[in-house]
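**Student:** Here you go, model26.cif (mmCIF, C-alpha atoms):
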data_entry
#
loop_
_atom_site.label_atom_id
_atom_site.label_comp_id
_atom_site.auth_asym_id
_atom_site.auth_seq_id
_atom_site.Cartn_x
_atom_site.Cartn_y
_atom_site.Cartn_z
CA LEU X 1 2.08 62.15 -6.78
CA ARG X 2 3.63 60.23 -9.65
CA VAL X 3 5.36 57.89 -7.23
CA GLN X 4 2.10 57.33 -5.36
CA ARG X 5 0.25 56.55 -8.61
CA VAL X 6 2.96 54.05 -9.59
CA LEU X 7 2.77 52.38 -6.18
CA VAL X 8 -1.01 52.12 -6.43
CA VAL X 9 -0.75 50.52 -9.87
CA VAL X 10 1.87 48.04 -8.62
CA GLN X 11 -0.25 47.16 -5.58
CA VAL X 12 -3.32 46.57 -7.73
CA ALA X 13 -1.30 44.42 -10.16
CA VAL X 14 0.16 42.34 -7.33
CA SER X 15 -3.29 41.94 -5.77
CA VAL X 16 -4.71 40.70 -9.07
CA VAL X 17 -1.87 38.18 -9.42
CA LEU X 18 -2.43 36.93 -5.86
CA LEU X 19 -6.17 36.63 -6.40
CA VAL X 20 -5.70 34.68 -9.62
CA GLY X 21 -3.15 32.41 -7.93
CA ALA X 22 -5.49 31.81 -5.00
CA ALA X 23 -8.36 31.01 -7.36
CA LEU X 24 -6.23 28.52 -9.31
CA LEU X 25 -4.99 26.91 -6.09
CA THR X 26 -8.54 26.59 -4.77
CA ARG X 27 -9.70 25.02 -8.04
CA THR X 28 -6.79 22.56 -7.86
CA PHE X 29 -7.72 21.56 -4.31
CA VAL X 30 -11.35 21.06 -5.35
CA ARG X 31 -10.30 18.85 -8.26
CA LEU X 32 -7.97 16.83 -6.06
CA ALA X 33 -10.74 16.32 -3.54
CA ASP X 34 -12.93 14.89 -6.33
CA VAL X 35 -10.28 12.38 -7.49
CA PRO X 36 -11.40 8.89 -6.43
CA THR X 37 -8.86 7.32 -4.09
CA GLY X 38 -10.29 3.82 -4.28
CA LEU X 39 -10.93 3.58 -0.55
CA GLU X 40 -13.21 4.98 2.12
CA THR X 41 -11.46 7.87 3.87
CA ARG X 42 -14.25 9.18 6.09
CA GLU X 43 -13.72 8.53 9.80
CA VAL X 44 -10.45 6.71 9.10
CA LEU X 45 -7.29 7.57 11.00
CA SER X 46 -3.91 6.39 9.75
CA VAL X 47 -0.86 6.55 12.03
CA SER X 48 2.71 5.56 11.19
CA VAL X 49 4.56 3.88 14.06
CA PRO X 50 8.00 2.67 12.90
CA LEU X 51 9.47 0.30 15.47
CA LEU X 52 12.25 -1.12 13.31
CA THR X 53 14.62 0.14 10.65
CA THR X 54 15.11 -1.76 7.41
CA SER X 55 18.43 -3.13 8.63
CA GLU X 56 16.81 -4.36 11.85
CA LEU X 57 14.06 -6.08 9.91
CA LEU X 58 16.74 -8.00 8.03
CA GLY X 59 17.93 -9.35 11.36
CA GLY X 60 15.66 -12.33 11.04
CA PRO X 61 12.64 -13.97 12.68
CA PRO X 62 13.40 -13.08 16.35
CA VAL X 63 13.53 -9.36 15.63
CA TYR X 64 10.46 -9.46 13.40
CA ALA X 65 8.49 -11.51 15.92
CA ALA X 66 9.24 -9.06 18.74
CA ALA X 67 8.09 -6.14 16.60
CA TRP X 68 4.92 -7.96 15.60
CA ALA X 69 4.04 -8.68 19.23
CA LYS X 70 4.34 -4.98 20.03
CA TYR X 71 2.27 -3.95 17.01
CA GLU X 72 -0.45 -6.47 17.85
CA SER X 73 -0.58 -5.24 21.45
CA MET X 74 -1.04 -1.66 20.21
CA ARG X 75 -3.74 -2.75 17.77
CA GLU X 76 -5.69 -4.53 20.49
CA GLU X 77 -5.54 -1.47 22.75
CA LEU X 78 -6.77 0.77 19.93
CA ALA X 79 -9.56 -1.64 18.99
CA ALA X 80 -10.78 -1.55 22.60
CA LEU X 81 -11.23 2.24 22.61
CA PRO X 82 -14.82 3.52 22.64
CA GLY X 83 -16.10 4.36 19.17
CA VAL X 84 -13.45 2.39 17.29
CA ARG X 85 -15.09 -0.04 14.86
CA ASP X 86 -11.99 -1.63 13.33
CA ALA X 87 -8.24 -1.42 13.90
CA GLY X 88 -5.79 -3.01 11.48
CA LEU X 89 -2.08 -3.27 10.83
CA GLY X 90 -0.30 -2.66 7.55
CA SER X 91 3.34 -2.21 6.64
CA ILE X 92 2.61 0.91 4.58
CA ALA X 93 -0.24 3.35 5.15
CA PRO X 94 -2.95 3.65 2.49
CA LEU X 95 -2.28 6.33 -0.15
CA ALA X 96 1.45 6.20 0.63
CA ALA X 97 3.82 5.16 -2.14
CA SER X 98 6.15 2.21 -1.68
CA THR X 99 9.63 1.73 -3.10
CA ILE X 100 9.70 -1.99 -2.25
CA ARG X 101 9.01 -3.62 -5.60
CA PHE X 102 10.08 -6.98 -7.03
CA ASP X 103 9.59 -9.04 -10.16
CA LEU X 104 6.80 -11.61 -10.27
CA LYS X 105 6.17 -14.87 -12.08
CA VAL X 106 2.96 -16.86 -12.53
CA GLU X 107 2.86 -20.61 -12.15
CA GLY X 108 2.19 -22.40 -15.42
CA THR X 109 3.14 -19.51 -17.69
CA ALA X 110 6.22 -19.19 -19.86
CA ASP X 111 8.93 -16.66 -19.15
CA PRO X 112 8.51 -13.42 -21.15
CA THR X 113 10.50 -13.45 -24.37
CA ASP X 114 11.79 -9.93 -23.78
CA GLY X 115 12.94 -10.81 -20.26
CA VAL X 116 10.78 -8.07 -18.71
CA ARG X 117 8.65 -9.44 -15.90
CA PRO X 118 5.74 -7.68 -14.22
CA ARG X 119 6.65 -5.87 -11.03
CA ALA X 120 4.58 -5.21 -7.94
CA GLU X 121 4.82 -3.59 -4.54
CA PHE X 122 5.43 -5.80 -1.52
CA ARG X 123 3.19 -5.00 1.43
CA THR X 124 2.13 -6.85 4.56
CA ALA X 125 -1.20 -6.63 6.36
CA GLY X 126 -3.15 -8.09 9.22
CA PRO X 127 -6.59 -9.73 9.01
CA GLU X 128 -8.40 -6.49 9.92
CA TYR X 129 -6.35 -4.19 7.69
CA PHE X 130 -8.53 -3.98 4.56
CA ARG X 131 -11.73 -3.39 6.51
CA ALA X 132 -10.15 -0.80 8.79
CA ALA X 133 -8.48 1.07 5.93
CA GLY X 134 -11.65 1.11 3.84
CA ILE X 135 -10.10 -0.91 1.00
CA PRO X 136 -12.91 -2.83 -0.72
CA LEU X 137 -12.69 -6.60 -1.13
CA VAL X 138 -13.60 -7.29 -4.77
CA ALA X 139 -13.34 -11.08 -4.86
CA GLY X 140 -12.30 -13.99 -2.66
CA ARG X 141 -11.34 -13.35 0.93
CA GLY X 142 -9.02 -11.25 3.02
CA PHE X 143 -6.54 -12.64 5.51
CA ALA X 144 -7.58 -14.82 8.44
CA ASP X 145 -6.01 -15.53 11.81
CA THR X 146 -5.15 -18.98 10.46
CA ASP X 147 -2.83 -17.52 7.79
CA ARG X 148 0.27 -18.01 9.88
CA PHE X 149 3.75 -19.45 9.69
CA GLY X 150 3.72 -23.11 8.68
CA THR X 151 0.46 -22.94 6.72
CA ALA X 152 0.11 -22.78 2.94
CA PRO X 153 1.34 -19.30 1.91
CA VAL X 154 -1.34 -16.98 0.55
CA VAL X 155 -1.51 -13.45 -0.84
CA VAL X 156 -4.08 -10.83 -1.73
CA ILE X 157 -3.51 -8.72 -4.85
CA ASN X 158 -5.12 -5.55 -6.11
CA GLN X 159 -7.33 -5.31 -9.20
CA TYR X 160 -4.66 -3.63 -11.29
CA LEU X 161 -2.22 -6.50 -10.82
CA ALA X 162 -4.96 -9.09 -11.31
CA ALA X 163 -5.75 -7.57 -14.72
CA GLN X 164 -2.04 -7.60 -15.61
CA LEU X 165 -1.26 -11.15 -14.58
CA PHE X 166 -4.61 -12.79 -15.29
CA PRO X 167 -6.40 -10.96 -18.12
CA GLY X 168 -8.89 -13.84 -18.32
CA GLY X 169 -10.16 -13.06 -14.83
CA ASP X 170 -9.03 -16.32 -13.23
CA ALA X 171 -6.76 -14.92 -10.51
CA LEU X 172 -8.32 -16.67 -7.50
CA GLY X 173 -6.63 -19.95 -6.75
CA ARG X 174 -3.67 -19.26 -9.02
CA ARG X 175 -0.14 -19.12 -7.65
CA ILE X 176 2.48 -16.41 -8.01
CA ALA X 177 6.01 -16.02 -6.69
CA TRP X 178 8.59 -13.31 -6.29
CA THR X 179 11.66 -13.69 -8.45
CA GLY X 180 14.89 -11.91 -9.32
CA ASP X 181 18.44 -11.70 -8.02
CA VAL X 182 17.54 -8.94 -5.56
CA LEU X 183 15.66 -11.45 -3.39
CA ARG X 184 19.01 -12.80 -2.19
CA PHE X 185 19.47 -9.61 -0.19
CA THR X 186 16.04 -9.74 1.46
CA PRO X 187 14.27 -12.08 3.92
CA ILE X 188 11.50 -12.62 1.33
CA SER X 189 11.19 -16.20 0.12
CA PRO X 190 10.60 -17.09 -3.56
CA GLU X 191 8.06 -19.84 -2.81
CA TRP X 192 4.74 -20.10 -4.61
CA ARG X 193 1.83 -18.29 -2.97
CA THR X 194 -1.86 -18.80 -3.69
CA VAL X 195 -4.01 -15.78 -4.54
CA VAL X 196 -6.99 -15.95 -2.17
CA GLY X 197 -8.39 -12.44 -2.60
CA ILE X 198 -8.55 -9.37 -4.82
CA VAL X 199 -8.96 -5.87 -3.40
CA GLY X 200 -9.59 -2.53 -5.04
CA THR X 201 -6.78 -0.49 -6.55
CA ILE X 202 -6.13 2.61 -4.46
CA GLN X 203 -4.27 5.80 -5.39
CA ASP X 204 -1.03 5.08 -3.58
CA GLY X 205 1.51 7.81 -4.19
CA GLY X 206 -1.04 10.59 -4.62
CA PRO X 207 -4.05 11.48 -6.80
CA GLY X 208 -1.89 11.99 -9.89
CA ALA X 209 0.18 8.84 -9.54
CA ALA X 210 -0.13 5.99 -12.02
CA PRO X 211 -1.72 2.81 -10.64
CA ALA X 212 0.66 0.08 -9.50
CA GLY X 213 0.35 -3.62 -8.84
CA VAL X 214 0.36 -4.57 -5.16
CA VAL X 215 0.82 -7.93 -3.44
CA TYR X 216 -0.26 -8.11 0.21
CA HIS X 217 1.21 -10.77 2.51
CA PRO X 218 -0.20 -11.83 5.89
CA PHE X 219 1.90 -10.27 8.66
CA ALA X 220 2.08 -13.54 10.58
CA GLU X 221 3.01 -15.79 7.67
CA GLU X 222 6.72 -15.29 7.18
CA VAL X 223 8.11 -16.17 10.63
CA PRO X 224 6.99 -18.10 13.72
CA LEU X 225 5.30 -15.64 16.07
CA GLY X 226 4.43 -17.97 18.91
#
With the file now loaded, output its structure as structure tokens.

**Tutor:**
Amino acid sequence: LRVQRVLVVVQVAVSVVLLVGAALLTRTFVRLADVPTGLETREVLSVSVPLLTTSELLGGPPVYAAAWAKYESMREELAALPGVRDAGLGSIAPLAASTIRFDLKVEGTADPTDGVRPRAEFRTAGPEYFRAAGIPLVAGRGFADTDRFGTAPVVVINQYLAAQLFPGGDALGRRIAWTGDVLRFTPISPEWRTVVGIVGTIQDGGPGAAPAGVVYHPFAEEVPLG
């Protein structure tokens, strides 16, 4: 009888602990669901389709162009499906963190005295990407089909980076460029690029992640795609 009473007490104690844990977990999920992500997530499907490894991407324009042609073919097939309103391409899915970050400089501004430059994530996107992903366009324009290789290079930045680089609110029409020794080991050029649009800051990296500056490049701008 004593053993049975002890077992009953232990079972009740364990049940209470499990119930409390379940309640705390449920409350955490509810709070996470209420955290604003910065984009529209209803009726949006995100799929990762890696065609190339990082080393293959460094192979140069021919490899990149072949991958782009395949991606664009897939996008067109998806866009033609019944019920699909928009289909866009992006190098990194929304709400996913990126480790590709470089230093930035702003045309017409002096180098920082402490040598610490602002950093931002490098991402690429197609003309339909922001609309399809539910990322709001705050100012200016998104990418167009005319933003291709051989035209004046343009970028779209998020609100967080715009506030960092241009606290006066004059980001549109200004030019920025990637900088730093690490660029030598990448296919990314350090030329000046004009900011043509500003999009909302989304919670990349998770609801609890700190906001980060993001620079979006047109997919078709870096290499000739035919």

**Student:** Pick out the residues sitting within 12 Å of X:Ala133, and hand them over as a VMD selection string; count all atoms listed in the file, and ignore anything fewer than 4 positions along from it in its own chain.

**Tutor:** chain X and resid 37 to 47 85 to 90 92 to 95 125 to 129 137 199 to 200 202

**Student:** Store the residues picked out above in a file with C-alpha atoms, as a short mmCIF file (atom, residue, chain, number, x, y, z; two decimals), keeping the file's coordinate frame.

**Tutor:**
data_model
loop_
_atom_site.label_atom_id
_atom_site.label_comp_id
_atom_site.auth_asym_id
_atom_site.auth_seq_id
_atom_site.Cartn_x
_atom_site.Cartn_y
_atom_site.Cartn_z
CA THR X 37 -8.86 7.32 -4.09
CA GLY X 38 -10.29 3.82 -4.28
CA LEU X 39 -10.93 3.58 -0.55
CA GLU X 40 -13.21 4.98 2.12
CA THR X 41 -11.46 7.87 3.87
CA ARG X 42 -14.25 9.18 6.09
CA GLU X 43 -13.72 8.53 9.80
CA VAL X 44 -10.45 6.71 9.10
CA LEU X 45 -7.29 7.57 11.00
CA SER X 46 -3.91 6.39 9.75
CA VAL X 47 -0.86 6.55 12.03
CA ARG X 85 -15.09 -0.04 14.86
CA ASP X 86 -11.99 -1.63 13.33
CA ALA X 87 -8.24 -1.42 13.90
CA GLY X 88 -5.79 -3.01 11.48
CA LEU X 89 -2.08 -3.27 10.83
CA GLY X 90 -0.30 -2.66 7.55
CA ILE X 92 2.61 0.91 4.58
CA ALA X 93 -0.24 3.35 5.15
CA PRO X 94 -2.95 3.65 2.49
CA LEU X 95 -2.28 6.33 -0.15
CA ALA X 125 -1.20 -6.63 6.36
CA GLY X 126 -3.15 -8.09 9.22
CA PRO X 127 -6.59 -9.73 9.01
CA GLU X 128 -8.40 -6.49 9.92
CA TYR X 129 -6.35 -4.19 7.69
CA LEU X 137 -12.69 -6.60 -1.13
CA VAL X 199 -8.96 -5.87 -3.40
CA GLY X 200 -9.59 -2.53 -5.04
CA ILE X 202 -6.13 2.61 -4.46
#

**Student:** Between atom CA of X:Val182 and atom CA of X:Leu165, what distance in Å does the model show, to one decimal?

**Tutor:**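 So the answer is 21.0 Å.
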
**Student:** What are the closest atom pairs, with distances in Å to one decimal, for all residues of stretch 199-220 of chain X lying within 10 Å of stretch 147-163 of chain X? Consider all atoms listed in the file, order rows by chain and residue number, and present the result as a Markdown table.

**Tutor:**
| residue | atom | partner | partner_atom | distance |
| --- | --- | --- | --- | --- |
| X:Val199 | CA | X:Asn158 | CA | 4.7 |
| X:Gly200 | CA | X:Gln159 | CA | 5.5 |
| X:Thr201 | CA | X:Asn158 | CA | 5.3 |
| X:Ile202 | CA | X:Asn158 | CA | 8.4 |
| X:Pro211 | CA | X:Tyr160 | CA | 7.1 |
| X:Ala212 | CA | X:Tyr160 | CA | 6.7 |
| X:Gly213 | CA | X:Leu161 | CA | 4.3 |
| X:Val214 | CA | X:Asn158 | CA | 5.6 |
| X:Val215 | CA | X:Ile157 | CA | 4.6 |
| X:Tyr216 | CA | X:Val156 | CA | 5.1 |
| X:His217 | CA | X:Val155 | CA | 5.1 |
| X:Pro218 | CA | X:Asp147 | CA | 6.6 |
| X:Phe219 | CA | X:Arg148 | CA | 8.0 |
| X:Ala220 | CA | X:Arg148 | CA | 4.9 |

**Student:** With C-alpha atoms retained, export the selected residues as a JSON list (two decimals), in the frame of the given file.

**Tutor:**
[["chain", "number", "residue", "atom", "x", "y", "z"],
["X", 199, "VAL", "CA", -8.96, -5.87, -3.40],
["X", 200, "GLY", "CA", -9.59, -2.53, -5.04],
["X", 201, "THR", "CA", -6.78, -0.49, -6.55],
["X", 202, "ILE", "CA", -6.13, 2.61, -4.46],
["X", 211, "PRO", "CA", -1.72, 2.81, -10.64],
["X", 212, "ALA", "CA", 0.66, 0.08, -9.50],
["X", 213, "GLY", "CA", 0.35, -3.62, -8.84],
["X", 214, "VAL", "CA", 0.36, -4.57, -5.16],
["X", 215, "VAL", "CA", 0.82, -7.93, -3.44],
["X", 216, "TYR", "CA", -0.26, -8.11, 0.21],
["X", 217, "HIS", "CA", 1.21, -10.77, 2.51],
["X", 218, "PRO", "CA", -0.20, -11.83, 5.89],
["X", 219, "PHE", "CA", 1.90, -10.27, 8.66],
["X", 220, "ALA", "CA", 2.08, -13.54, 10.58]]

**Student:** In Å, rounded to a single decimal, give me how far atom CA of X:Phe185 is from atom CA of X:Ala144.

**Tutor:** 28.9 Å

**Student:** Show which residues sit within 8 Å of X:Ala139, as JSON, numbers by chain. Count all atoms listed in the file, and ignore same-chain residues fewer than 3 positions away.

**Tutor:** {"X": [172, 197, 198, 199]}

**Student:** I'd like the interatomic distance between atom CA of X:Val10 and atom CA of X:Leu24, to a tenth of an Å.

**Tutor:**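 Pair atom CA of X:Val10 / atom CA of X:Leu24 returns 21.1 Å.
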
**Student:** Could you tell me which of X:Ile188, X:Ala80, X:Ala110, X:Val195 comes closest to X:Gly140 if we count only C-alpha atoms?

**Tutor:**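 Comparing X:Ile188, X:Ala80, X:Ala110, X:Val195 against X:Gly140, the winner is X:Val195.
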
**Student:** Please rebuild stretch 176-192 of chain X with N, CA and C atoms and give the result as a JSON list (two decimals), keeping the file's coordinate frame.

**Tutor:**
[["chain", "number", "residue", "atom", "x", "y", "z"],
["X", 176, "ILE", "N", 1.46, -17.33, -7.53],
["X", 176, "ILE", "CA", 2.48, -16.41, -8.01],
["X", 176, "ILE", "C", 3.67, -16.49, -7.07],
["X", 177, "ALA", "N", 4.80, -15.99, -7.52],
["X", 177, "ALA", "CA", 6.01, -16.02, -6.69],
["X", 177, "ALA", "C", 6.90, -14.84, -7.05],
["X", 178, "TRP", "N", 7.59, -14.35, -6.05],
["X", 178, "TRP", "CA", 8.59, -13.31, -6.29],
["X", 178, "TRP", "C", 9.81, -13.95, -6.95],
["X", 179, "THR", "N", 10.48, -13.17, -7.77],
["X", 179, "THR", "CA", 11.66, -13.69, -8.45],
["X", 179, "THR", "C", 12.66, -12.55, -8.67],
["X", 180, "GLY", "N", 13.86, -12.91, -9.08],
["X", 180, "GLY", "CA", 14.89, -11.91, -9.32],
["X", 180, "GLY", "C", 16.06, -12.04, -8.37],
["X", 181, "ASP", "N", 17.21, -11.59, -8.82],
["X", 181, "ASP", "CA", 18.44, -11.70, -8.02],
["X", 181, "ASP", "C", 18.38, -10.89, -6.74],
["X", 182, "VAL", "N", 17.57, -9.82, -6.72],
["X", 182, "VAL", "CA", 17.54, -8.94, -5.56],
["X", 182, "VAL", "C", 16.98, -9.65, -4.32],
["X", 183, "LEU", "N", 16.22, -10.74, -4.53],
["X", 183, "LEU", "CA", 15.66, -11.45, -3.39],
["X", 183, "LEU", "C", 16.73, -12.02, -2.47],
["X", 184, "ARG", "N", 17.93, -12.25, -3.01],
["X", 184, "ARG", "CA", 19.01, -12.80, -2.19],
["X", 184, "ARG", "C", 19.38, -11.87, -1.05],
["X", 185, "PHE", "N", 19.09, -10.60, -1.20],
["X", 185, "PHE", "CA", 19.47, -9.61, -0.19],
["X", 185, "PHE", "C", 18.29, -9.22, 0.70],
["X", 186, "THR", "N", 17.23, -10.01, 0.65],
["X", 186, "THR", "CA", 16.04, -9.74, 1.46],
["X", 186, "THR", "C", 15.63, -11.01, 2.19],
["X", 187, "PRO", "N", 14.79, -10.88, 3.23],
["X", 187, "PRO", "CA", 14.27, -12.08, 3.92],
["X", 187, "PRO", "C", 13.05, -12.67, 3.22],
["X", 188, "ILE", "N", 12.70, -12.17, 2.04],
["X", 188, "ILE", "CA", 11.50, -12.62, 1.33],
["X", 188, "ILE", "C", 11.80, -13.91, 0.57],
["X", 189, "SER", "N", 10.98, -14.91, 0.76],
["X", 189, "SER", "CA", 11.19, -16.20, 0.12],
["X", 189, "SER", "C", 10.56, -16.22, -1.27],
["X", 190, "PRO", "N", 11.13, -17.00, -2.19],
["X", 190, "PRO", "CA", 10.60, -17.09, -3.56],
["X", 190, "PRO", "C", 9.59, -18.22, -3.76],
["X", 191, "GLU", "N", 8.99, -18.71, -2.68],
["X", 191, "GLU", "CA", 8.06, -19.84, -2.81],
["X", 191, "GLU", "C", 6.75, -19.40, -3.46],
["X", 192, "TRP", "N", 6.03, -20.38, -3.97],
["X", 192, "TRP", "CA", 4.74, -20.10, -4.61],
["X", 192, "TRP", "C", 3.70, -19.74, -3.55]]
